[in-house]
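Q: If you scroll down you'll find the structure; I have some questions about it.
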Amino acid sequence: MDNIFHLISTVSTNEDAYGLALKGAEHGTAVLADAQHGGKGRLGREWASPPGTGLYCSIVIRPNLPFPEFPKLTLTAGLALCTVIERLVPTVPFGLKWPNDLYCNGRKAGGILVESSSPLGDGDPFAVVGVGVNVNTRSDDFPVGLREKGTSLLMESGNSLDIYKLFEKLHVSLLGHIGVHEQQDGFAEILKEWRKRDLLLGKEMQWLTSDKKVIVGRGMGPDGNGQLLARDREGKVHEILSGDVQLFESDQGK
Ligand code: BTN
């Protein structure tokens, strides 16, 4: 594939791919790096990217979708990732934590960061789908603060994987899932599969509202727009737009 850029090290593959997209890079163009020294996660967090242990890649997509559909791409990308990992590591239970996390046995194994072009910008709209997966990461490779929360495909299965082969499969899967999303009622099909892997469904969890109130409720799964619904202890249904949702201790890892 001639639109794949494989770097030894970079600041952030999302930044590289975004720059290429601004210069007109085509649908499917990808940047992959063996290490990042400024890897970005959602909500301004850092994504630890030690050399040679994880998959760090970003794929430019130019979906045939109206711009308001773009926020749903995080769920589509999560499903594309989860289905690939399930096939490669079939003995281990993986699931998705809304909106963008790949989890296994109560610990995070991967995440998605989608960054879209500005709706006001010139040119065709695009999105960059950044994917980070802890592949051959060992406990000691994680920053101390993440050792209790993070896991890797190696730690869960006992087997190491070829990171480039995983990337190739993910690339095919992502473009395929975007193709499904683009079809009439395609996102409904994506959601049907996503919900089968929903780790928050029926679980007690807490989240912060936009006015910084902590609410406790049970996950009801994403609605047709990809927003998470949850029922609080008084029975009121809330739509969670973004931000961080945390499982209660007793529900961790189930
Ligand atoms: C998250 O879980 O918050 C999202 C993590 C996304 C990390 C990936 S690694 C490749 C790409 N480049 C980045 O800087 N971030 C994404």
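By order of appearance in the structure tokens: chains A, B, ..., then residues from 1 within every chain, and ligands from 1 in the order shown.
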Residues contacting ligand 1 - anything with an atom at most 6 Å away, using only C-alpha atoms and all ligand atoms - can you give me those as a PyMOL selection string?
A: chain A and resi 12-14+39-42+47+56-58+101+111-113+130-132
Q: Quick one: DSSP helix (DSSP H, G or I) residues in segment 36-232 of chain A, as a PyMOL selection string?
A: chain A and resi 42-44+67-88+139-141+144-146+153-157+163-182+186-196
Q: Quick one: residues within 10 Å of segment 144-148 of chain A, only C-alpha atoms, excluding same-chain residues fewer than 6 positions away - as a list in words?
A: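 Counting only the stated atoms, we get Ala48, Gly106, Arg107, Lys108 and Arg138 of chain A.
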Q: At a cut-off of 10 Å, using only C-alpha atoms, what residues contact segment 22-38 of chain A? Leave out same-chain residues fewer than 4 positions from it and give the result as an mmCIF file with C-alpha atoms, in the first residue's frame.
A:
```cif
data_model
loop_
_atom_site.group_PDB
_atom_site.id
_atom_site.type_symbol
_atom_site.label_atom_id
_atom_site.label_comp_id
_atom_site.auth_asym_id
_atom_site.auth_seq_id
_atom_site.Cartn_x
_atom_site.Cartn_y
_atom_site.Cartn_z
ATOM 1 C CA MET A 1 0.000 0.000 0.000
ATOM 2 C CA ASP A 2 1.594 3.293 -1.028
ATOM 3 C CA ASN A 3 -0.446 5.538 1.259
ATOM 4 C CA ILE A 4 0.921 3.989 4.469
ATOM 5 C CA PHE A 5 3.653 5.943 6.259
ATOM 6 C CA HIS A 6 5.562 3.847 8.794
ATOM 7 C CA LEU A 7 7.684 5.984 11.145
ATOM 8 C CA ILE A 8 10.163 4.890 13.790
ATOM 9 C CA SER A 9 9.106 7.637 16.148
ATOM 10 C CA THR A 10 6.910 10.718 16.069
ATOM 11 C CA VAL A 11 5.095 13.113 18.353
ATOM 12 C CA SER A 12 1.606 11.871 17.515
ATOM 13 C CA THR A 13 0.407 9.945 14.481
ATOM 14 C CA ASN A 14 -2.907 11.824 14.770
ATOM 15 C CA GLU A 15 -1.082 15.095 14.207
ATOM 16 C CA ASP A 16 0.836 13.637 11.257
ATOM 17 C CA ALA A 17 -2.296 12.207 9.644
ATOM 18 C CA TYR A 18 -4.225 15.434 10.255
ATOM 19 C CA GLU A 46 -1.598 11.506 27.340
ATOM 20 C CA TRP A 47 -1.381 8.132 25.561
ATOM 21 C CA ALA A 48 1.726 6.316 26.787
ATOM 22 C CA SER A 49 3.450 4.981 23.666
ATOM 23 C CA PRO A 50 6.649 3.102 24.582
ATOM 24 C CA PRO A 51 8.695 1.875 21.581
ATOM 25 C CA GLY A 52 7.837 -1.374 19.892
ATOM 26 C CA THR A 53 5.157 -2.537 22.331
ATOM 27 C CA GLY A 54 1.929 -1.063 21.013
ATOM 28 C CA LEU A 55 -0.014 -0.221 17.890
ATOM 29 C CA TYR A 56 -0.035 3.543 17.359
ATOM 30 C CA CYS A 57 -1.718 4.500 14.114
ATOM 31 C CA SER A 58 -3.991 7.098 12.552
ATOM 32 C CA ILE A 59 -6.087 6.683 9.445
ATOM 33 C CA VAL A 60 -7.494 9.510 7.329
ATOM 34 C CA ILE A 61 -11.069 8.935 6.324
ATOM 35 C CA ARG A 62 -13.269 10.924 3.981
ATOM 36 C CA PRO A 63 -16.611 9.295 4.591
ATOM 37 C CA SER A 117 -11.772 18.701 10.184
ATOM 38 C CA GLY A 121 -12.639 24.780 6.695
ATOM 39 C CA ASP A 122 -12.194 24.705 2.910
ATOM 40 C CA GLY A 123 -12.040 21.404 1.103
ATOM 41 C CA ASP A 124 -13.715 18.060 1.673
ATOM 42 C CA PRO A 125 -14.465 17.210 5.288
ATOM 43 C CA PHE A 126 -12.346 14.451 6.790
ATOM 44 C CA ALA A 127 -11.710 12.719 10.064
ATOM 45 C CA VAL A 128 -8.563 11.177 11.476
ATOM 46 C CA VAL A 129 -9.174 7.940 13.364
ATOM 47 C CA GLY A 130 -6.346 7.398 15.846
ATOM 48 C CA VAL A 131 -6.025 3.967 17.400
ATOM 49 C CA ILE A 163 1.989 -5.286 15.365
ATOM 50 C CA TYR A 164 2.186 -4.532 11.630
ATOM 51 C CA PHE A 167 -2.398 -2.743 11.742
ATOM 52 C CA HIS A 171 -6.974 -0.850 8.289
ATOM 53 C CA VAL A 172 -9.130 -3.234 6.242
ATOM 54 C CA LEU A 174 -11.979 0.194 9.602
ATOM 55 C CA LEU A 175 -12.539 0.973 5.928
#
```
Q: Tell me which of A:Leu75, A:Asn159, A:Asn136, A:Leu247 sits closest to Asp223 of chain A, counting only C-alpha atoms.
A: A:Leu75
Q: Can you list every residue of segment 150-189 of chain A that has an atom at most 12 Å from segment 82-95 of chain A, with its nearest atom pair and the distance in Å to one decimal, using only C-alpha atoms, ordered by chain then number, as CSV?
A:
```
residue,atom,partner,partner_atom,distance
A:Thr151,CA,A:Phe94,CA,11.3
A:Ser152,CA,A:Phe94,CA,11.1
A:Leu153,CA,A:Val89,CA,7.6
A:Leu154,CA,A:Val89,CA,9.6
A:Met155,CA,A:Val92,CA,10.5
A:Glu156,CA,A:Val92,CA,6.8
A:Ser157,CA,A:Val92,CA,6.6
A:Gly158,CA,A:Val89,CA,10.1
A:Asn159,CA,A:Val89,CA,8.9
A:Ser160,CA,A:Val89,CA,10.2
A:Leu161,CA,A:Leu88,CA,8.7
A:Asp162,CA,A:Leu88,CA,10.5
A:Ile163,CA,A:Leu88,CA,11.5
A:Lys165,CA,A:Leu88,CA,10.2
A:Leu166,CA,A:Val84,CA,7.9
A:Phe167,CA,A:Val84,CA,9.7
A:Glu168,CA,A:Val84,CA,10.1
A:Lys169,CA,A:Val84,CA,6.7
A:Leu170,CA,A:Val84,CA,6.3
A:His171,CA,A:Val84,CA,9.8
A:Val172,CA,A:Val84,CA,9.5
A:Ser173,CA,A:Val84,CA,7.0
A:Leu174,CA,A:Val84,CA,9.4
A:Gly176,CA,A:Thr83,CA,11.6
A:His177,CA,A:Thr83,CA,10.2
```
Q: Excluding segment 225-232 of chain A and any residue of its chain fewer than 3 positions from it, enumerate the residues within 10 Å of it, using only C-alpha atoms, and give them as an mmCIF file with all heavy atoms, in the first residue's frame.
A:
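result.cif, freshly written:
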```cif
data_model
loop_
_atom_site.group_PDB
_atom_site.id
_atom_site.type_symbol
_atom_site.label_atom_id
_atom_site.label_comp_id
_atom_site.auth_asym_id
_atom_site.auth_seq_id
_atom_site.Cartn_x
_atom_site.Cartn_y
_atom_site.Cartn_z
ATOM 1 N N PRO A 68 -22.662 16.128 10.459
ATOM 2 C CA PRO A 68 -23.229 15.804 11.778
ATOM 3 C C PRO A 68 -23.141 14.313 12.141
ATOM 4 O O PRO A 68 -23.301 13.942 13.297
ATOM 5 C CB PRO A 68 -24.701 16.237 11.667
ATOM 6 C CG PRO A 68 -24.732 17.214 10.550
ATOM 7 C CD PRO A 68 -23.641 16.818 9.600
ATOM 8 N N GLU A 69 -22.881 13.459 11.145
ATOM 9 C CA GLU A 69 -22.713 12.016 11.423
ATOM 10 C C GLU A 69 -21.331 11.720 12.024
ATOM 11 O O GLU A 69 -21.108 10.641 12.572
ATOM 12 C CB GLU A 69 -22.812 11.206 10.112
ATOM 13 C CG GLU A 69 -24.197 11.013 9.573
ATOM 14 C CD GLU A 69 -24.965 9.936 10.335
ATOM 15 O OE1 GLU A 69 -24.475 8.813 10.469
ATOM 16 O OE2 GLU A 69 -26.065 10.266 10.812
ATOM 17 N N PRO A 71 -19.528 12.496 14.659
ATOM 18 C CA PRO A 71 -19.290 12.041 16.043
ATOM 19 C C PRO A 71 -19.553 10.545 16.248
ATOM 20 O O PRO A 71 -18.995 9.934 17.144
ATOM 21 C CB PRO A 71 -20.263 12.899 16.869
ATOM 22 C CG PRO A 71 -20.495 14.115 16.036
ATOM 23 C CD PRO A 71 -20.438 13.641 14.601
ATOM 24 N N LYS A 72 -20.389 9.964 15.377
ATOM 25 C CA LYS A 72 -20.693 8.533 15.518
ATOM 26 C C LYS A 72 -19.519 7.654 15.093
ATOM 27 O O LYS A 72 -19.507 6.448 15.358
ATOM 28 C CB LYS A 72 -21.908 8.162 14.658
ATOM 29 C CG LYS A 72 -23.170 8.922 15.001
ATOM 30 C CD LYS A 72 -24.277 8.505 14.035
ATOM 31 C CE LYS A 72 -25.509 9.378 14.209
ATOM 32 N NZ LYS A 72 -26.507 9.114 13.167
ATOM 33 N N LEU A 73 -18.551 8.259 14.386
ATOM 34 C CA LEU A 73 -17.442 7.466 13.846
ATOM 35 C C LEU A 73 -16.611 6.812 14.950
ATOM 36 O O LEU A 73 -15.968 5.789 14.723
ATOM 37 C CB LEU A 73 -16.541 8.346 12.963
ATOM 38 C CG LEU A 73 -17.179 8.813 11.658
ATOM 39 C CD1 LEU A 73 -16.318 9.882 10.992
ATOM 40 C CD2 LEU A 73 -17.377 7.618 10.703
ATOM 41 N N THR A 74 -16.625 7.398 16.152
ATOM 42 C CA THR A 74 -15.869 6.787 17.256
ATOM 43 C C THR A 74 -16.407 5.391 17.537
ATOM 44 O O THR A 74 -15.646 4.446 17.767
ATOM 45 C CB THR A 74 -15.982 7.674 18.525
ATOM 46 O OG1 THR A 74 -15.415 8.940 18.229
ATOM 47 C CG2 THR A 74 -15.241 7.074 19.705
ATOM 48 N N LEU A 75 -17.740 5.242 17.524
ATOM 49 C CA LEU A 75 -18.322 3.927 17.799
ATOM 50 C C LEU A 75 -18.029 2.966 16.646
ATOM 51 O O LEU A 75 -17.720 1.788 16.868
ATOM 52 C CB LEU A 75 -19.831 4.037 18.032
ATOM 53 C CG LEU A 75 -20.317 4.911 19.183
ATOM 54 C CD1 LEU A 75 -21.767 4.596 19.518
ATOM 55 C CD2 LEU A 75 -19.482 4.746 20.428
ATOM 56 N N THR A 76 -18.121 3.473 15.431
ATOM 57 C CA THR A 76 -17.844 2.621 14.266
ATOM 58 C C THR A 76 -16.395 2.116 14.317
ATOM 59 O O THR A 76 -16.119 0.935 14.083
ATOM 60 C CB THR A 76 -18.100 3.429 12.968
ATOM 61 O OG1 THR A 76 -19.452 3.891 13.011
ATOM 62 C CG2 THR A 76 -17.878 2.596 11.726
ATOM 63 N N TRP A 98 -18.211 2.683 26.311
ATOM 64 C CA TRP A 98 -18.577 3.920 25.611
ATOM 65 C C TRP A 98 -17.717 5.083 26.092
ATOM 66 O O TRP A 98 -17.503 5.200 27.292
ATOM 67 C CB TRP A 98 -20.059 4.222 25.892
ATOM 68 C CG TRP A 98 -20.589 5.395 25.123
ATOM 69 C CD1 TRP A 98 -21.181 5.373 23.902
ATOM 70 C CD2 TRP A 98 -20.590 6.768 25.541
ATOM 71 N NE1 TRP A 98 -21.534 6.643 23.532
ATOM 72 C CE2 TRP A 98 -21.182 7.524 24.517
ATOM 73 C CE3 TRP A 98 -20.115 7.446 26.677
ATOM 74 C CZ2 TRP A 98 -21.333 8.909 24.591
ATOM 75 C CZ3 TRP A 98 -20.263 8.818 26.750
ATOM 76 C CH2 TRP A 98 -20.868 9.532 25.713
ATOM 77 N N PRO A 99 -17.238 5.997 25.222
ATOM 78 C CA PRO A 99 -17.463 5.906 23.781
ATOM 79 C C PRO A 99 -16.329 5.236 23.008
ATOM 80 O O PRO A 99 -16.548 4.841 21.869
ATOM 81 C CB PRO A 99 -17.543 7.388 23.378
ATOM 82 C CG PRO A 99 -16.607 8.077 24.328
ATOM 83 C CD PRO A 99 -16.696 7.299 25.636
ATOM 84 N N PHE A 187 -25.628 2.808 10.186
ATOM 85 C CA PHE A 187 -25.195 2.995 11.577
ATOM 86 C C PHE A 187 -26.025 2.117 12.509
ATOM 87 O O PHE A 187 -25.519 1.656 13.535
ATOM 88 C CB PHE A 187 -25.249 4.475 11.980
ATOM 89 C CG PHE A 187 -24.642 4.717 13.342
ATOM 90 C CD1 PHE A 187 -23.304 4.446 13.591
ATOM 91 C CD2 PHE A 187 -25.418 5.191 14.396
ATOM 92 C CE1 PHE A 187 -22.733 4.634 14.849
ATOM 93 C CE2 PHE A 187 -24.864 5.397 15.661
ATOM 94 C CZ PHE A 187 -23.519 5.122 15.885
ATOM 95 N N ALA A 188 -27.279 1.862 12.143
ATOM 96 C CA ALA A 188 -28.112 0.972 12.975
ATOM 97 C C ALA A 188 -27.480 -0.419 13.015
ATOM 98 O O ALA A 188 -27.466 -1.090 14.054
ATOM 99 C CB ALA A 188 -29.531 0.909 12.412
ATOM 100 N N LEU A 191 -24.527 -0.266 15.268
ATOM 101 C CA LEU A 191 -24.955 -0.226 16.680
ATOM 102 C C LEU A 191 -25.396 -1.595 17.184
ATOM 103 O O LEU A 191 -25.148 -1.938 18.341
ATOM 104 C CB LEU A 191 -26.127 0.749 16.832
ATOM 105 C CG LEU A 191 -25.792 2.198 17.142
ATOM 106 C CD1 LEU A 191 -27.076 2.987 17.345
ATOM 107 C CD2 LEU A 191 -24.907 2.318 18.386
ATOM 108 N N LEU A 200 -20.982 -1.413 29.447
ATOM 109 C CA LEU A 200 -21.706 -0.583 30.432
ATOM 110 C C LEU A 200 -23.185 -0.955 30.524
ATOM 111 O O LEU A 200 -23.881 -0.480 31.422
ATOM 112 C CB LEU A 200 -21.588 0.906 30.072
ATOM 113 C CG LEU A 200 -20.182 1.514 30.124
ATOM 114 C CD1 LEU A 200 -20.218 2.971 29.680
ATOM 115 C CD2 LEU A 200 -19.603 1.417 31.528
ATOM 116 N N LEU A 201 -23.645 -1.783 29.606
ATOM 117 C CA LEU A 201 -25.075 -2.089 29.555
ATOM 118 C C LEU A 201 -25.539 -2.719 30.878
ATOM 119 O O LEU A 201 -25.036 -3.765 31.290
ATOM 120 C CB LEU A 201 -25.373 -3.040 28.394
ATOM 121 C CG LEU A 201 -26.855 -3.270 28.109
ATOM 122 C CD1 LEU A 201 -27.536 -1.982 27.633
ATOM 123 C CD2 LEU A 201 -27.027 -4.360 27.059
ATOM 124 N N GLY A 202 -26.501 -2.058 31.537
ATOM 125 C CA GLY A 202 -27.066 -2.582 32.790
ATOM 126 C C GLY A 202 -26.155 -2.419 33.991
ATOM 127 O O GLY A 202 -26.510 -2.819 35.101
ATOM 128 N N LYS A 203 -24.981 -1.832 33.775
ATOM 129 C CA LYS A 203 -24.026 -1.692 34.877
ATOM 130 C C LYS A 203 -24.242 -0.363 35.602
ATOM 131 O O LYS A 203 -24.626 0.643 34.986
ATOM 132 C CB LYS A 203 -22.585 -1.727 34.349
ATOM 133 C CG LYS A 203 -22.225 -3.048 33.714
ATOM 134 C CD LYS A 203 -21.932 -4.097 34.757
ATOM 135 C CE LYS A 203 -22.057 -5.513 34.254
ATOM 136 N NZ LYS A 203 -21.256 -5.838 33.115
ATOM 137 N N GLU A 204 -23.962 -0.383 36.906
ATOM 138 C CA GLU A 204 -24.054 0.874 37.660
ATOM 139 C C GLU A 204 -22.796 1.689 37.400
ATOM 140 O O GLU A 204 -21.671 1.170 37.441
ATOM 141 C CB GLU A 204 -24.207 0.590 39.147
ATOM 142 C CG GLU A 204 -24.430 1.864 39.923
ATOM 143 C CD GLU A 204 -25.356 1.679 41.115
ATOM 144 O OE1 GLU A 204 -24.872 1.198 42.134
ATOM 145 O OE2 GLU A 204 -26.539 2.056 41.014
ATOM 146 N N MET A 205 -23.007 2.961 37.111
ATOM 147 C CA MET A 205 -21.861 3.800 36.741
ATOM 148 C C MET A 205 -22.113 5.235 37.183
ATOM 149 O O MET A 205 -23.229 5.589 37.580
ATOM 150 C CB MET A 205 -21.675 3.755 35.230
ATOM 151 C CG MET A 205 -22.935 4.155 34.515
ATOM 152 S SD MET A 205 -22.885 3.793 32.792
ATOM 153 C CE MET A 205 -23.676 5.265 32.194
ATOM 154 N N GLN A 206 -21.079 6.038 37.130
ATOM 155 C CA GLN A 206 -21.265 7.448 37.457
ATOM 156 C C GLN A 206 -20.602 8.307 36.404
ATOM 157 O O GLN A 206 -19.647 7.897 35.754
ATOM 158 C CB GLN A 206 -20.731 7.763 38.844
ATOM 159 C CG GLN A 206 -19.255 7.599 39.014
ATOM 160 C CD GLN A 206 -18.796 7.977 40.413
ATOM 161 O OE1 GLN A 206 -19.545 7.896 41.369
ATOM 162 N NE2 GLN A 206 -17.555 8.398 40.523
ATOM 163 N N TRP A 207 -21.152 9.523 36.248
ATOM 164 C CA TRP A 207 -20.604 10.444 35.264
ATOM 165 C C TRP A 207 -20.841 11.860 35.729
ATOM 166 O O TRP A 207 -21.631 12.119 36.633
ATOM 167 C CB TRP A 207 -21.240 10.195 33.885
ATOM 168 C CG TRP A 207 -22.692 10.535 33.800
ATOM 169 C CD1 TRP A 207 -23.254 11.696 33.353
ATOM 170 C CD2 TRP A 207 -23.804 9.695 34.181
ATOM 171 N NE1 TRP A 207 -24.621 11.641 33.425
ATOM 172 C CE2 TRP A 207 -24.988 10.416 33.933
ATOM 173 C CE3 TRP A 207 -23.902 8.400 34.705
ATOM 174 C CZ2 TRP A 207 -26.252 9.898 34.196
ATOM 175 C CZ3 TRP A 207 -25.173 7.886 34.968
ATOM 176 C CH2 TRP A 207 -26.328 8.631 34.710
ATOM 177 N N ILE A 215 -23.595 12.098 38.740
ATOM 178 C CA ILE A 215 -24.855 11.350 38.698
ATOM 179 C C ILE A 215 -24.514 9.856 38.701
ATOM 180 O O ILE A 215 -23.521 9.441 38.088
ATOM 181 C CB ILE A 215 -25.654 11.668 37.427
ATOM 182 C CG1 ILE A 215 -25.693 13.155 37.171
ATOM 183 C CG2 ILE A 215 -27.037 11.032 37.478
ATOM 184 C CD1 ILE A 215 -27.002 13.818 37.329
ATOM 185 N N VAL A 216 -25.331 9.100 39.375
ATOM 186 C CA VAL A 216 -25.148 7.654 39.390
ATOM 187 C C VAL A 216 -26.346 7.017 38.694
ATOM 188 O O VAL A 216 -27.482 7.424 38.920
ATOM 189 C CB VAL A 216 -25.055 7.139 40.848
ATOM 190 C CG1 VAL A 216 -24.987 5.616 40.879
ATOM 191 C CG2 VAL A 216 -23.843 7.740 41.551
ATOM 192 N N GLY A 217 -26.090 6.064 37.838
ATOM 193 C CA GLY A 217 -27.203 5.406 37.147
ATOM 194 C C GLY A 217 -26.743 4.132 36.479
ATOM 195 O O GLY A 217 -25.588 3.734 36.617
ATOM 196 N N ARG A 218 -27.673 3.502 35.765
ATOM 197 C CA ARG A 218 -27.327 2.264 35.056
ATOM 198 C C ARG A 218 -27.307 2.499 33.557
ATOM 199 O O ARG A 218 -28.187 3.154 33.008
ATOM 200 C CB ARG A 218 -28.354 1.170 35.349
ATOM 201 C CG ARG A 218 -28.130 0.571 36.709
ATOM 202 C CD ARG A 218 -28.812 -0.752 36.924
ATOM 203 N NE ARG A 218 -28.580 -1.139 38.306
ATOM 204 C CZ ARG A 218 -27.527 -1.834 38.731
ATOM 205 N NH1 ARG A 218 -26.628 -2.274 37.886
ATOM 206 N NH2 ARG A 218 -27.377 -2.096 40.014
ATOM 207 N N GLY A 219 -26.299 1.962 32.892
ATOM 208 C CA GLY A 219 -26.147 2.137 31.451
ATOM 209 C C GLY A 219 -27.278 1.470 30.690
ATOM 210 O O GLY A 219 -27.674 0.349 31.005
ATOM 211 N N MET A 220 -27.819 2.195 29.692
ATOM 212 C CA MET A 220 -28.889 1.644 28.843
ATOM 213 C C MET A 220 -28.406 1.461 27.405
ATOM 214 O O MET A 220 -29.194 1.137 26.519
ATOM 215 C CB MET A 220 -30.089 2.602 28.843
ATOM 216 C CG MET A 220 -30.727 2.788 30.211
ATOM 217 S SD MET A 220 -31.872 4.190 30.189
ATOM 218 C CE MET A 220 -33.114 3.612 29.057
ATOM 219 N N GLY A 221 -27.116 1.744 27.181
ATOM 220 C CA GLY A 221 -26.575 1.597 25.824
ATOM 221 C C GLY A 221 -26.711 2.875 25.027
ATOM 222 O O GLY A 221 -27.465 3.774 25.399
ATOM 223 N N PRO A 222 -25.982 2.955 23.906
ATOM 224 C CA PRO A 222 -26.072 4.152 23.060
ATOM 225 C C PRO A 222 -27.389 4.207 22.293
ATOM 226 O O PRO A 222 -27.923 3.164 21.914
ATOM 227 C CB PRO A 222 -24.896 4.000 22.090
ATOM 228 C CG PRO A 222 -24.370 2.630 22.249
ATOM 229 C CD PRO A 222 -24.995 1.982 23.442
ATOM 230 N N GLY A 235 -35.017 7.034 38.366
ATOM 231 C CA GLY A 235 -35.721 6.562 37.172
ATOM 232 C C GLY A 235 -35.645 7.518 35.997
ATOM 233 O O GLY A 235 -36.197 7.238 34.934
ATOM 234 N N LYS A 236 -34.970 8.656 36.165
ATOM 235 C CA LYS A 236 -34.875 9.619 35.056
ATOM 236 C C LYS A 236 -33.804 9.149 34.055
ATOM 237 O O LYS A 236 -32.722 8.702 34.464
ATOM 238 C CB LYS A 236 -34.501 10.979 35.645
ATOM 239 C CG LYS A 236 -34.494 12.082 34.634
ATOM 240 C CD LYS A 236 -34.242 13.435 35.279
ATOM 241 C CE LYS A 236 -33.884 14.430 34.216
ATOM 242 N NZ LYS A 236 -33.029 15.494 34.611
ATOM 243 N N VAL A 237 -34.148 9.283 32.767
ATOM 244 C CA VAL A 237 -33.186 8.875 31.735
ATOM 245 C C VAL A 237 -32.351 10.080 31.307
ATOM 246 O O VAL A 237 -32.891 11.154 31.038
ATOM 247 C CB VAL A 237 -33.928 8.256 30.519
ATOM 248 C CG1 VAL A 237 -32.949 7.953 29.394
ATOM 249 C CG2 VAL A 237 -34.669 6.995 30.938
ATOM 250 N N HIS A 238 -31.039 9.895 31.285
ATOM 251 C CA HIS A 238 -30.111 10.964 30.902
ATOM 252 C C HIS A 238 -29.434 10.582 29.591
ATOM 253 O O HIS A 238 -29.132 9.415 29.357
ATOM 254 C CB HIS A 238 -29.002 11.136 31.953
ATOM 255 C CG HIS A 238 -29.512 11.541 33.294
ATOM 256 N ND1 HIS A 238 -29.324 12.800 33.804
ATOM 257 C CD2 HIS A 238 -30.208 10.845 34.230
ATOM 258 C CE1 HIS A 238 -29.877 12.858 35.007
ATOM 259 N NE2 HIS A 238 -30.413 11.696 35.290
ATOM 260 N N GLU A 239 -29.121 11.600 28.786
ATOM 261 C CA GLU A 239 -28.313 11.389 27.588
ATOM 262 C C GLU A 239 -26.926 11.941 27.888
ATOM 263 O O GLU A 239 -26.778 13.121 28.212
ATOM 264 C CB GLU A 239 -28.941 12.134 26.416
ATOM 265 C CG GLU A 239 -28.297 11.779 25.101
ATOM 266 C CD GLU A 239 -28.967 12.487 23.927
ATOM 267 O OE1 GLU A 239 -28.921 13.731 23.892
ATOM 268 O OE2 GLU A 239 -29.509 11.797 23.061
ATOM 269 N N ILE A 240 -25.940 11.089 27.827
ATOM 270 C CA ILE A 240 -24.568 11.520 28.144
ATOM 271 C C ILE A 240 -23.877 11.844 26.827
ATOM 272 O O ILE A 240 -23.764 10.980 25.955
ATOM 273 C CB ILE A 240 -23.823 10.411 28.915
ATOM 274 C CG1 ILE A 240 -24.640 10.035 30.159
ATOM 275 C CG2 ILE A 240 -22.427 10.857 29.304
ATOM 276 C CD1 ILE A 240 -24.154 8.793 30.854
ATOM 277 N N LEU A 241 -23.448 13.094 26.691
ATOM 278 C CA LEU A 241 -22.945 13.531 25.394
ATOM 279 C C LEU A 241 -21.486 13.177 25.202
ATOM 280 O O LEU A 241 -21.057 12.742 24.149
ATOM 281 C CB LEU A 241 -23.133 15.042 25.239
ATOM 282 C CG LEU A 241 -24.593 15.490 25.292
ATOM 283 C CD1 LEU A 241 -24.689 16.992 25.187
ATOM 284 C CD2 LEU A 241 -25.408 14.838 24.189
ATOM 285 N N SER A 242 -20.705 13.404 26.217
ATOM 286 C CA SER A 242 -19.281 13.102 26.093
ATOM 287 C C SER A 242 -18.744 13.005 27.507
ATOM 288 O O SER A 242 -19.511 12.900 28.454
ATOM 289 C CB SER A 242 -18.542 14.200 25.325
ATOM 290 O OG SER A 242 -18.611 15.384 26.062
ATOM 291 N N VAL A 245 -17.112 8.284 31.797
ATOM 292 C CA VAL A 245 -18.062 7.480 32.544
ATOM 293 C C VAL A 245 -17.260 6.462 33.327
ATOM 294 O O VAL A 245 -16.379 5.808 32.777
ATOM 295 C CB VAL A 245 -18.998 6.757 31.556
ATOM 296 C CG1 VAL A 245 -19.935 5.829 32.293
ATOM 297 C CG2 VAL A 245 -19.774 7.747 30.736
#
```
Q: Hey, what's within 8 Å of Leu208 of chain A if we count only C-alpha atoms and toss same-chain stuff fewer than 4 positions away? As a list in words, please?
A: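 Here the qualifying residues turn out to be Lys212, Lys213, Val214, Ile215, Gly243, Asp244 and Val245 of chain A.
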